$ cat model.cif   # mmCIF, C-alpha atoms and all ligand atoms
data_entry
loop_
_atom_site.label_atom_id
_atom_site.label_comp_id
_atom_site.auth_asym_id
_atom_site.auth_seq_id
_atom_site.Cartn_x
_atom_site.Cartn_y
_atom_site.Cartn_z
CA MET A 729 -20.98 40.99 -10.92
CA MET A 730 -19.61 37.70 -9.62
CA VAL A 731 -15.81 37.40 -9.58
CA SER A 732 -14.13 33.96 -9.36
CA ILE A 733 -10.38 33.57 -8.88
CA LEU A 734 -9.39 30.58 -11.05
CA SER A 735 -5.61 30.69 -10.70
CA GLU A 736 -3.51 32.23 -7.96
CA ASN A 737 -0.46 31.35 -5.89
CA VAL A 738 -2.37 30.07 -2.83
CA SER A 739 -5.62 28.10 -2.81
CA LEU A 740 -8.70 28.69 -0.66
CA ASP A 741 -8.80 25.00 0.33
CA GLU A 742 -7.66 21.57 -0.92
CA LYS A 743 -10.42 21.41 -3.56
CA PHE A 744 -8.56 24.01 -5.61
CA GLY A 745 -5.18 23.92 -7.34
CA CYS A 746 -2.71 26.79 -7.13
CA GLU A 747 0.41 27.95 -8.99
CA HIS A 748 2.47 31.06 -9.61
CA GLY A 749 -0.15 32.58 -11.89
CA LEU A 750 -3.31 34.63 -12.19
CA SER A 751 -6.66 34.03 -13.88
CA ILE A 752 -9.93 35.75 -13.00
CA HIS A 753 -13.41 34.89 -14.27
CA VAL A 754 -16.12 37.57 -14.21
CA ASN A 755 -19.79 36.71 -14.61
CA LEU A 756 -21.89 39.67 -15.76
CA ASN A 757 -25.64 39.82 -16.43
CA ASP A 758 -25.24 39.19 -20.14
CA LYS A 759 -21.73 37.82 -20.63
CA GLU A 760 -18.73 36.02 -19.19
CA ILE A 761 -15.20 37.41 -19.14
CA LEU A 762 -11.86 35.76 -18.49
CA PHE A 763 -8.97 37.99 -17.45
CA ASP A 764 -5.72 36.01 -17.96
CA THR A 765 -5.32 32.23 -18.02
CA GLY A 766 -2.71 31.56 -15.34
CA ALA A 767 0.43 29.54 -16.10
CA SER A 768 -1.08 26.13 -16.93
CA ASP A 769 -4.41 24.28 -16.92
CA VAL A 770 -5.01 25.08 -13.22
CA PHE A 771 -7.58 27.76 -14.18
CA ALA A 772 -9.59 25.19 -16.17
CA LYS A 773 -9.51 22.59 -13.39
CA ASN A 774 -10.60 25.14 -10.79
CA ALA A 775 -13.36 26.38 -13.13
CA LYS A 776 -14.73 22.82 -13.21
CA VAL A 777 -14.78 22.65 -9.40
CA LEU A 778 -16.74 25.93 -9.37
CA ASP A 779 -19.07 24.63 -12.09
CA LEU A 780 -18.03 27.35 -14.55
CA ASP A 781 -18.19 26.38 -18.22
CA LEU A 782 -15.26 28.09 -19.97
CA SER A 783 -16.73 27.35 -23.43
CA LYS A 784 -19.21 30.12 -22.58
CA VAL A 785 -16.56 32.81 -22.03
CA ASP A 786 -17.32 35.67 -24.43
CA HIS A 787 -14.07 37.65 -24.14
CA LEU A 788 -10.57 36.76 -22.96
CA ILE A 789 -8.38 39.67 -21.93
CA LEU A 790 -4.62 39.23 -21.50
CA SER A 791 -3.17 41.68 -18.99
CA HIS A 792 0.40 41.31 -20.34
CA GLY A 793 2.80 38.95 -22.08
CA HIS A 794 4.18 36.90 -19.18
CA TYR A 795 3.72 33.10 -18.95
CA ASP A 796 2.07 33.21 -15.54
CA HIS A 797 -0.85 35.13 -17.12
CA GLY A 798 -1.00 33.53 -20.58
CA GLY A 799 0.56 30.09 -20.05
CA GLY A 800 -2.93 28.57 -20.08
CA LEU A 801 -3.77 29.89 -23.59
CA LYS A 802 -3.34 26.45 -25.15
CA HIS A 803 -5.94 24.99 -22.78
CA PHE A 804 -8.27 27.93 -23.28
CA LEU A 805 -8.21 27.44 -27.08
CA GLU A 806 -9.09 23.76 -26.55
CA LEU A 807 -12.06 24.67 -24.36
CA ASN A 808 -13.44 27.74 -26.08
CA ASN A 809 -13.93 28.32 -29.78
CA LYS A 810 -15.60 31.72 -29.81
CA ALA A 811 -13.97 34.30 -27.54
CA LYS A 812 -11.64 36.87 -29.05
CA ILE A 813 -8.38 37.37 -27.17
CA TYR A 814 -7.70 41.03 -26.41
CA ALA A 815 -4.01 41.82 -25.97
CA ARG A 816 -1.60 44.71 -26.41
CA PRO A 817 0.76 44.86 -29.40
CA GLY A 818 4.08 43.31 -28.37
CA VAL A 819 2.41 40.76 -26.09
CA PHE A 820 4.23 37.93 -27.92
CA ASP A 821 7.70 39.49 -27.64
CA ASP A 822 10.51 37.39 -26.15
CA PHE A 823 10.32 38.36 -22.48
CA VAL A 824 13.17 37.32 -20.22
CA SER A 825 13.93 37.55 -16.50
CA VAL A 826 17.49 37.71 -15.16
CA ASP A 827 18.24 36.49 -11.64
CA GLU A 828 20.87 37.82 -9.21
CA ASP A 829 23.50 35.46 -10.68
CA GLY A 830 22.82 36.67 -14.20
CA ASN A 831 20.94 33.53 -15.30
CA THR A 832 18.28 34.29 -17.87
CA ARG A 833 14.88 32.61 -18.09
CA SER A 834 12.31 32.90 -20.83
CA ILE A 835 9.00 34.19 -19.38
CA GLY A 836 7.01 34.98 -22.55
CA LEU A 837 3.97 33.40 -24.19
CA ASN A 838 3.69 30.69 -26.81
CA LYS A 839 3.35 32.54 -30.11
CA ASN A 840 2.99 29.34 -32.15
CA LEU A 841 -0.45 28.23 -31.04
CA ASN A 842 -3.26 28.11 -33.58
CA TYR A 843 -4.80 31.50 -32.78
CA GLY A 844 -6.46 31.94 -36.20
CA ASP A 845 -8.23 35.30 -36.15
CA ARG A 846 -8.85 35.21 -32.40
CA ILE A 847 -6.28 37.85 -31.36
CA VAL A 848 -7.41 41.48 -31.26
CA TYR A 849 -4.62 43.97 -30.61
CA THR A 850 -5.86 46.79 -28.41
CA ASP A 851 -5.15 50.52 -28.46
CA LYS A 852 -3.92 52.37 -25.37
CA GLU A 853 -7.59 53.06 -24.65
CA PHE A 854 -9.98 50.41 -25.93
CA GLN A 855 -13.75 50.18 -25.51
CA LEU A 856 -14.37 46.44 -25.69
CA ASP A 857 -18.09 46.62 -24.97
CA PHE A 858 -20.42 49.24 -23.53
CA ASP A 859 -19.49 48.14 -20.00
CA ILE A 860 -15.90 46.95 -20.49
CA GLU A 861 -12.94 49.21 -21.15
CA LEU A 862 -9.22 48.49 -21.35
CA PHE A 863 -6.45 51.02 -20.79
CA THR A 864 -2.69 51.17 -20.72
CA VAL A 865 -0.64 53.45 -18.51
CA GLU A 866 1.24 55.98 -20.62
CA SER A 867 3.99 57.42 -18.46
CA ARG A 868 5.48 56.70 -15.06
CA LYS A 869 5.25 59.21 -12.25
CA ASP A 870 5.23 57.07 -9.11
CA CYS A 871 7.89 54.71 -7.90
CA MET A 872 7.82 51.51 -9.91
CA PRO A 873 7.89 47.93 -8.59
CA LEU A 874 11.43 46.89 -7.67
CA GLY A 875 10.94 43.56 -9.46
CA ASN A 876 10.73 45.28 -12.88
CA LYS A 877 14.50 45.85 -12.78
CA ARG A 878 15.10 42.20 -13.63
CA LEU A 879 12.60 41.99 -16.48
CA PHE A 880 13.73 42.42 -20.09
CA VAL A 881 12.76 41.92 -23.73
CA ASN A 882 15.14 40.00 -25.98
CA LYS A 883 15.41 41.99 -29.23
CA GLU A 884 17.66 40.12 -31.67
CA GLY A 885 19.97 38.92 -28.91
CA ARG A 886 20.07 42.22 -27.00
CA LEU A 887 18.34 42.44 -23.64
CA ILE A 888 16.37 45.67 -23.35
CA LEU A 889 14.65 46.69 -20.10
CA ASP A 890 10.92 46.01 -20.44
CA ASP A 891 8.88 49.24 -20.82
CA PHE A 892 5.62 47.35 -20.08
CA LYS A 893 3.71 48.88 -22.95
CA HIS A 894 2.32 45.35 -23.36
CA GLU A 895 0.44 45.69 -20.07
CA GLN A 896 -3.23 46.70 -19.94
CA ASN A 897 -5.86 47.03 -17.24
CA MET A 898 -9.59 46.30 -17.42
CA VAL A 899 -12.54 48.29 -16.09
CA ILE A 900 -15.98 46.71 -15.81
CA ARG A 901 -19.12 48.61 -14.83
CA GLU A 902 -22.31 46.89 -13.77
CA GLY A 903 -25.08 47.68 -11.28
CA GLY A 904 -23.61 51.09 -10.51
CA LYS A 905 -20.25 49.59 -9.51
CA ALA A 906 -16.90 50.04 -11.29
CA VAL A 907 -14.18 47.45 -10.82
CA LEU A 908 -10.57 47.86 -11.90
CA PHE A 909 -8.70 44.64 -12.73
CA CYS A 910 -4.93 44.57 -13.09
CA GLY A 911 -2.63 41.62 -13.78
CA CYS A 912 0.76 42.26 -12.20
CA ALA A 913 0.64 46.09 -12.05
CA HIS A 914 4.15 46.26 -13.51
CA ASN A 915 3.40 49.92 -14.30
CA GLY A 916 2.84 50.59 -10.60
CA ILE A 917 -0.51 50.08 -8.89
CA MET A 918 -0.65 53.68 -7.66
CA HIS A 919 0.07 55.01 -11.12
CA ILE A 920 -2.57 52.73 -12.67
CA VAL A 921 -5.23 53.80 -10.14
CA LYS A 922 -4.30 57.50 -10.54
CA THR A 923 -4.58 57.11 -14.32
CA TYR A 924 -8.03 55.61 -13.78
CA ARG A 925 -9.02 58.59 -11.59
CA ASP A 926 -7.74 61.13 -14.14
CA LYS A 927 -9.59 59.32 -16.89
CA PHE A 928 -12.93 58.73 -15.16
CA GLY A 929 -13.01 61.47 -12.51
CA SER A 930 -13.37 59.16 -9.48
CA TYR A 931 -11.82 56.07 -7.93
CA PRO A 932 -13.13 52.56 -8.70
CA ASP A 933 -15.37 50.82 -6.15
CA ALA A 934 -13.08 47.79 -6.14
CA ILE A 935 -9.56 46.93 -7.29
CA VAL A 936 -8.68 43.31 -8.10
CA GLY A 937 -5.22 42.05 -9.07
CA GLY A 938 -1.55 41.67 -8.23
CA PHE A 939 0.34 44.69 -6.87
CA HIS A 940 3.85 43.42 -7.56
CA PHE A 941 5.47 43.96 -4.18
CA GLY A 942 7.91 41.10 -4.61
CA SER A 943 9.16 39.04 -7.50
CA ARG A 944 10.40 35.51 -8.01
CA SER A 945 13.82 36.58 -9.29
CA GLN A 946 14.28 38.87 -6.28
CA GLY A 947 13.77 36.13 -3.74
CA SER A 948 12.13 37.59 -0.67
CA THR A 949 13.33 41.19 -1.01
CA LEU A 950 10.45 43.55 -0.33
CA ASP A 951 10.23 47.26 -0.96
CA GLU A 952 8.57 48.21 2.33
CA LYS A 953 8.49 51.94 1.55
CA PHE A 954 6.59 51.16 -1.64
CA ILE A 955 4.09 49.01 0.31
CA ASP A 956 3.58 51.77 2.91
CA GLN A 957 2.94 54.39 0.23
CA THR A 958 0.61 52.03 -1.63
CA ALA A 959 -1.39 51.24 1.53
CA GLU A 960 -1.80 54.93 2.36
CA PHE A 961 -2.90 55.69 -1.17
CA LEU A 962 -5.32 52.76 -1.46
CA ILE A 963 -7.01 53.69 1.85
CA GLU A 964 -7.57 57.17 0.41
CA THR A 965 -9.35 55.71 -2.64
CA LYS A 966 -11.90 53.92 -0.36
CA ALA A 967 -11.89 51.02 -2.88
CA GLU A 968 -12.40 47.43 -1.72
CA CYS A 969 -9.13 45.69 -2.66
CA TYR A 970 -8.60 42.02 -3.51
CA THR A 971 -4.98 41.10 -4.11
CA GLY A 972 -2.45 38.27 -4.14
CA HIS A 973 -0.19 36.68 -6.79
CA CYS A 974 2.83 39.02 -7.26
CA THR A 975 1.79 40.99 -4.16
CA GLY A 976 3.32 38.01 -2.33
CA VAL A 977 2.10 36.61 0.98
CA LYS A 978 4.64 38.65 2.98
CA GLY A 979 3.76 41.84 1.11
CA TYR A 980 0.07 41.10 1.58
CA LYS A 981 0.49 40.70 5.35
CA ILE A 982 2.13 44.13 5.61
CA LEU A 983 -0.61 45.64 3.45
CA LYS A 984 -3.32 43.92 5.51
CA SER A 985 -1.83 45.26 8.76
CA LYS A 986 -2.26 48.78 7.37
CA MET A 987 -5.50 48.43 5.39
CA GLY A 988 -7.53 46.09 7.62
CA ASP A 989 -10.96 45.28 6.13
CA LYS A 990 -10.25 47.24 2.96
CA VAL A 991 -8.04 44.45 1.58
CA ARG A 992 -8.66 40.71 1.17
CA TYR A 993 -6.46 37.93 -0.18
CA MET A 994 -7.67 36.55 -3.53
CA PHE A 995 -7.04 32.81 -3.08
CA SER A 996 -7.63 30.53 -6.06
CA GLY A 997 -11.18 29.26 -5.64
CA LEU A 998 -12.40 32.48 -3.96
CA GLN A 999 -15.66 33.92 -5.29
CA PHE A 1000 -17.09 37.29 -4.38
CA LYS A 1001 -19.78 39.67 -5.54
CA VAL A 1002 -19.14 43.33 -6.25
FE FE B 1101 4.30 39.86 -15.05
FE FE B 1102 2.43 37.82 -12.73
#
$ encode --input "model.cif" --output "structure tokens" --more "lines below"
Ligand SMILES: [Fe+2]
Ligand SMILES: [Fe+2]
Amino acid sequence: MMVSILSENVSLDEKFGCEHGLSIHVNLNDKEILFDTGASDVFAKNAKVLDLDLSKVDHLILSHGHYDHGGGLKHFLELNNKAKIYARPGVFDDFVSVDEDGNTRSIGLNKNLNYGDRIVYTDKEFQLDFDIELFTVESRKDCMPLGNKRLFVNKEGRLILDDFKHEQNMVIREGGKAVLFCGCAHNGIMHIVKTYRDKFGSYPDAIVGGFHFGSRSQGSTLDEKFIDQTAEFLIETKAECYTGHCTGVKGYKILKSKMGDKVRYMFSGLQFKV
């Protein structure tokens, strides 16, 4: 499968735009997948540079209900009139982040777009196609990303800590390879990968997505113990890792120093084969 990073925080070179967001295009033998849309139309502009026609995308999967993953939905609907949009129930809730000074910021998706019958709400385990499966992490056993502490849902004026049941992960199998895609890994990257192992009996060949080592509302605070544990665990899985976005450049550098060749930065504009 060919993986193209269409939106990410840092670009591969000046041909490509970047933003605080994530969007990943996957080209399979018989279909095209989009995993998230980034925060704006950056994913669509970068797709053009890479000569990818987004009207051909067969399935759009939303990893979770934050604007930096679904902010481009409006543009996607303008470009594509066939793909269903697979999302977890609650994905359109009113998500809010609270900074250190107590200022709140809306970080949810636009629920008022003309979605028609395009949205498909997924179960905790969802077989999308014979080679594509989605799953949600049920319970939390490992330490969770520090950044989650500032992320809430506004329920009738009351801010409730986000339980991230609106987050899902995607598994694609092709040519004997299994790839695990995650958006922000709010449920903890180690926990997500361990859930994958318990479910499928082995580790994926590759892991692609954000690992949530830092967060915007936290400034530059990094949970170094969490990064150390994650690096140790990911090395054990022997998976090829591609990360960026909420992993943060600083977090990535620490991870890279521990994982070496087993981890690469997923710049917007980067394409790789698995
Ligand atoms: Fe997020
Ligand atoms: Fe994110």
$ residues_around --input "model.cif" --residues "Val936 of chain A" --least-positions-apart "6" --cutoff "6 Å" --atoms "all atoms listed in the file" --output "short mmCIF file (atom, residue, chain, number, x, y, z; two decimals) with C-alpha atoms, in the frame of the given file"
data_model
loop_
_atom_site.label_atom_id
_atom_site.label_comp_id
_atom_site.auth_asym_id
_atom_site.auth_seq_id
_atom_site.Cartn_x
_atom_site.Cartn_y
_atom_site.Cartn_z
CA PHE A 909 -8.70 44.64 -12.73
CA CYS A 969 -9.13 45.69 -2.66
CA TYR A 970 -8.60 42.02 -3.51
CA THR A 971 -4.98 41.10 -4.11
#
$ residues_near_ligand --input "model.cif" --ligand "ligand FE 1101 (chain B)" --cutoff "8 Å" --atoms "all atoms listed in the file" --output "list in words"
His792, Gly793, His794, Tyr795, Asp796, His797, Gly911, Cys912, Ala913, His914 and Cys974 of chain A
$ residues_near_ligand --input "model.cif" --ligand "ligand FE 1102 (chain B)" --cutoff "12 Å" --atoms "all atoms listed in the file" --output "JSON, numbers by chain"
{"A": [735, 736, 737, 747, 748, 749, 750, 751, 764, 765, 766, 767, 790, 791, 792, 793, 794, 795, 796, 797, 798, 799, 835, 836, 875, 876, 879, 895, 910, 911, 912, 913, 914, 937, 938, 939, 940, 941, 942, 943, 944, 945, 971, 972, 973, 974, 975, 976]}
$ closest_atom_pairs --input "model.cif" --of "segment 851-911 of chain A" --to "segment 926-929 of chain A" --cutoff "12 Å" --atoms "only C-alpha atoms" --output "JSON lines"
{"residue": "A:Glu853", "atom": "CA", "partner": "A:Lys927", "partner_atom": "CA", "distance": 10.2}
{"residue": "A:Glu861", "atom": "CA", "partner": "A:Phe928", "partner_atom": "CA", "distance": 11.2}
{"residue": "A:Leu862", "atom": "CA", "partner": "A:Lys927", "partner_atom": "CA", "distance": 11.7}
{"residue": "A:Phe863", "atom": "CA", "partner": "A:Lys927", "partner_atom": "CA", "distance": 9.7}
{"residue": "A:Thr864", "atom": "CA", "partner": "A:Lys927", "partner_atom": "CA", "distance": 11.3}
{"residue": "A:Val865", "atom": "CA", "partner": "A:Lys927", "partner_atom": "CA", "distance": 10.8}
{"residue": "A:Glu866", "atom": "CA", "partner": "A:Lys927", "partner_atom": "CA", "distance": 11.9}
{"residue": "A:Val899", "atom": "CA", "partner": "A:Phe928", "partner_atom": "CA", "distance": 10.5}
{"residue": "A:Arg901", "atom": "CA", "partner": "A:Phe928", "partner_atom": "CA", "distance": 11.9}
{"residue": "A:Ala906", "atom": "CA", "partner": "A:Phe928", "partner_atom": "CA", "distance": 10.3}
{"residue": "A:Leu908", "atom": "CA", "partner": "A:Phe928", "partner_atom": "CA", "distance": 11.6}
$ residues_near_point --input "model.cif" --point "(-4.0, 25.3, -13.6)" --cutoff "8 Å" --atoms "all atoms listed in the file" --output "list in words"
Leu734, Ser735, Gly745, Cys746, Glu747, Gly766, Ala767, Ser768, Asp769, Val770, Phe771, Ala772, Lys773, Asn774 and Gly800 of chain A
$ write_last_selection --input "model.cif" --atoms "C-alpha atoms" --output "PDB file, in the coordinates of the input"
ATOM      1  CA  LEU A 734      -9.390  30.580 -11.050  1.00  0.00           C
ATOM      2  CA  SER A 735      -5.610  30.690 -10.700  1.00  0.00           C
ATOM      3  CA  GLY A 745      -5.180  23.920  -7.340  1.00  0.00           C
ATOM      4  CA  CYS A 746      -2.710  26.790  -7.130  1.00  0.00           C
ATOM      5  CA  GLU A 747       0.410  27.950  -8.990  1.00  0.00           C
ATOM      6  CA  GLY A 766      -2.710  31.560 -15.340  1.00  0.00           C
ATOM      7  CA  ALA A 767       0.430  29.540 -16.100  1.00  0.00           C
ATOM      8  CA  SER A 768      -1.080  26.130 -16.930  1.00  0.00           C
ATOM      9  CA  ASP A 769      -4.410  24.280 -16.920  1.00  0.00           C
ATOM     10  CA  VAL A 770      -5.010  25.080 -13.220  1.00  0.00           C
ATOM     11  CA  PHE A 771      -7.580  27.760 -14.180  1.00  0.00           C
ATOM     12  CA  ALA A 772      -9.590  25.190 -16.170  1.00  0.00           C
ATOM     13  CA  LYS A 773      -9.510  22.590 -13.390  1.00  0.00           C
ATOM     14  CA  ASN A 774     -10.600  25.140 -10.790  1.00  0.00           C
ATOM     15  CA  GLY A 800      -2.930  28.570 -20.080  1.00  0.00           C
TER      16      GLY A 800
END
$ residues_around --input "model.cif" --residues "Val881 of chain A" --least-positions-apart "4" --cutoff "9 Å" --atoms "all atoms listed in the file" --output "count of residues only"
11
$ residues_around --input "model.cif" --residues "Met730 of chain A" --least-positions-apart "5" --cutoff "8 Å" --atoms "only C-alpha atoms" --output "VMD selection string"
chain A and resid 754 to 756 999 to 1002
$ residues_around --input "model.cif" --residues "segment 777-789 of chain A" --least-positions-apart "4" --cutoff "10 Å" --atoms "all atoms listed in the file" --output "NGL selection string"
:A and (732-734 or 743-745 or 751-755 or 758-765 or 771-773 or 798 or 801 or 804-816 or 846-848 or 850 or 856-857 or 862 or 896-898 or 997-999)
$ atom_distance --input "model.cif" --atom1 "atom CA of Val731 of chain A" --atom2 "atom CA of Lys893 of chain A"
26.3 Å
$ atom_distance --input "model.cif" --atom1 "atom CA of Glu902 of chain A" --atom2 "atom CA of Phe854 of chain A"
17.7 Å
$ atom_distance --input "model.cif" --atom1 "atom CA of Pro932 of chain A" --atom2 "atom CA of Phe961 of chain A"
13.1 Å
$ closest_residue --input "model.cif" --among "A:Ile900, A:Lys966, A:Lys953, A:Lys877" --to "Asn915 of chain A" --atoms "only C-alpha atoms"
A:Lys877
$ residues_around --input "model.cif" --residues "Ala934 of chain A" --least-positions-apart "6" --cutoff "6 Å" --atoms "only C-alpha atoms" --output "ChimeraX atom specification"
/A:907,967-969
$ decode --input "model.cif" --residues "segment 983-993 of chain A" --atoms "all heavy atoms" --output "mmCIF file, in the first residue's frame"
data_model
loop_
_atom_site.group_PDB
_atom_site.id
_atom_site.type_symbol
_atom_site.label_atom_id
_atom_site.label_comp_id
_atom_site.auth_asym_id
_atom_site.auth_seq_id
_atom_site.Cartn_x
_atom_site.Cartn_y
_atom_site.Cartn_z
ATOM 1 N N LEU A 983 12.132 10.525 20.969
ATOM 2 C CA LEU A 983 11.751 9.186 20.509
ATOM 3 C C LEU A 983 12.781 8.657 19.503
ATOM 4 O O LEU A 983 13.213 7.504 19.577
ATOM 5 C CB LEU A 983 10.361 9.270 19.859
ATOM 6 C CG LEU A 983 9.611 7.966 19.637
ATOM 7 C CD1 LEU A 983 9.229 7.332 20.966
ATOM 8 C CD2 LEU A 983 8.346 8.214 18.810
ATOM 9 N N LYS A 984 13.169 9.519 18.574
ATOM 10 C CA LYS A 984 14.123 9.149 17.526
ATOM 11 C C LYS A 984 15.467 8.747 18.150
ATOM 12 O O LYS A 984 16.111 7.798 17.700
ATOM 13 C CB LYS A 984 14.309 10.349 16.576
ATOM 14 C CG LYS A 984 15.274 10.115 15.443
ATOM 15 C CD LYS A 984 14.658 9.287 14.356
ATOM 16 C CE LYS A 984 15.608 9.039 13.205
ATOM 17 N NZ LYS A 984 15.125 7.970 12.324
ATOM 18 N N SER A 985 15.880 9.479 19.198
ATOM 19 C CA SER A 985 17.168 9.179 19.834
ATOM 20 C C SER A 985 17.152 7.789 20.466
ATOM 21 O O SER A 985 18.185 7.162 20.641
ATOM 22 C CB SER A 985 17.518 10.247 20.876
ATOM 23 O OG SER A 985 16.678 10.091 22.011
ATOM 24 N N LYS A 986 15.957 7.309 20.796
ATOM 25 C CA LYS A 986 15.851 5.980 21.416
ATOM 26 C C LYS A 986 15.510 4.890 20.412
ATOM 27 O O LYS A 986 15.889 3.742 20.573
ATOM 28 C CB LYS A 986 14.786 6.008 22.521
ATOM 29 C CG LYS A 986 15.215 6.883 23.679
ATOM 30 C CD LYS A 986 14.128 7.071 24.692
ATOM 31 C CE LYS A 986 14.465 8.196 25.646
ATOM 32 N NZ LYS A 986 15.704 7.999 26.392
ATOM 33 N N MET A 987 14.769 5.253 19.351
ATOM 34 C CA MET A 987 14.285 4.226 18.416
ATOM 35 C C MET A 987 15.102 4.133 17.123
ATOM 36 O O MET A 987 14.961 3.165 16.377
ATOM 37 C CB MET A 987 12.817 4.486 18.060
ATOM 38 C CG MET A 987 11.874 4.248 19.233
ATOM 39 S SD MET A 987 10.144 4.406 18.733
ATOM 40 C CE MET A 987 9.943 2.994 17.641
ATOM 41 N N GLY A 988 15.904 5.141 16.838
ATOM 42 C CA GLY A 988 16.739 5.107 15.627
ATOM 43 C C GLY A 988 15.911 4.900 14.369
ATOM 44 O O GLY A 988 14.912 5.591 14.146
ATOM 45 N N ASP A 989 16.332 3.905 13.556
ATOM 46 C CA ASP A 989 15.690 3.649 12.257
ATOM 47 C C ASP A 989 14.250 3.172 12.355
ATOM 48 O O ASP A 989 13.550 3.130 11.337
ATOM 49 C CB ASP A 989 16.467 2.539 11.507
ATOM 50 C CG ASP A 989 17.801 3.057 11.024
ATOM 51 O OD1 ASP A 989 18.010 4.277 11.115
ATOM 52 O OD2 ASP A 989 18.632 2.230 10.590
ATOM 53 N N LYS A 990 13.819 2.789 13.531
ATOM 54 C CA LYS A 990 12.460 2.236 13.664
ATOM 55 C C LYS A 990 11.384 3.317 13.673
ATOM 56 O O LYS A 990 10.197 3.021 13.677
ATOM 57 C CB LYS A 990 12.335 1.383 14.937
ATOM 58 C CG LYS A 990 13.186 0.146 14.925
ATOM 59 C CD LYS A 990 12.947 -0.711 13.695
ATOM 60 C CE LYS A 990 11.905 -1.792 13.896
ATOM 61 N NZ LYS A 990 11.763 -2.629 12.678
ATOM 62 N N VAL A 991 11.809 4.596 13.702
ATOM 63 C CA VAL A 991 10.811 5.674 13.660
ATOM 64 C C VAL A 991 11.227 6.733 12.643
ATOM 65 O O VAL A 991 12.410 7.054 12.509
ATOM 66 C CB VAL A 991 10.556 6.289 15.067
ATOM 67 C CG1 VAL A 991 11.772 7.024 15.607
ATOM 68 C CG2 VAL A 991 9.334 7.212 15.055
ATOM 69 N N ARG A 992 10.223 7.233 11.896
ATOM 70 C CA ARG A 992 10.469 8.313 10.926
ATOM 71 C C ARG A 992 9.429 9.399 11.131
ATOM 72 O O ARG A 992 8.301 9.111 11.550
ATOM 73 C CB ARG A 992 10.328 7.778 9.493
ATOM 74 C CG ARG A 992 11.522 6.972 9.027
ATOM 75 C CD ARG A 992 11.294 6.455 7.626
ATOM 76 N NE ARG A 992 11.278 7.524 6.619
ATOM 77 C CZ ARG A 992 10.898 7.353 5.354
ATOM 78 N NH1 ARG A 992 10.483 6.177 4.936
ATOM 79 N NH2 ARG A 992 10.925 8.349 4.498
ATOM 80 N N TYR A 993 9.801 10.636 10.804
ATOM 81 C CA TYR A 993 8.847 11.741 10.932
ATOM 82 C C TYR A 993 7.930 11.769 9.700
ATOM 83 O O TYR A 993 8.402 11.654 8.566
ATOM 84 C CB TYR A 993 9.572 13.091 11.081
ATOM 85 C CG TYR A 993 8.612 14.157 11.578
ATOM 86 C CD1 TYR A 993 8.423 14.357 12.940
ATOM 87 C CD2 TYR A 993 7.859 14.911 10.683
ATOM 88 C CE1 TYR A 993 7.511 15.284 13.408
ATOM 89 C CE2 TYR A 993 6.941 15.848 11.144
ATOM 90 C CZ TYR A 993 6.776 16.030 12.498
ATOM 91 O OH TYR A 993 5.868 16.949 12.954
#
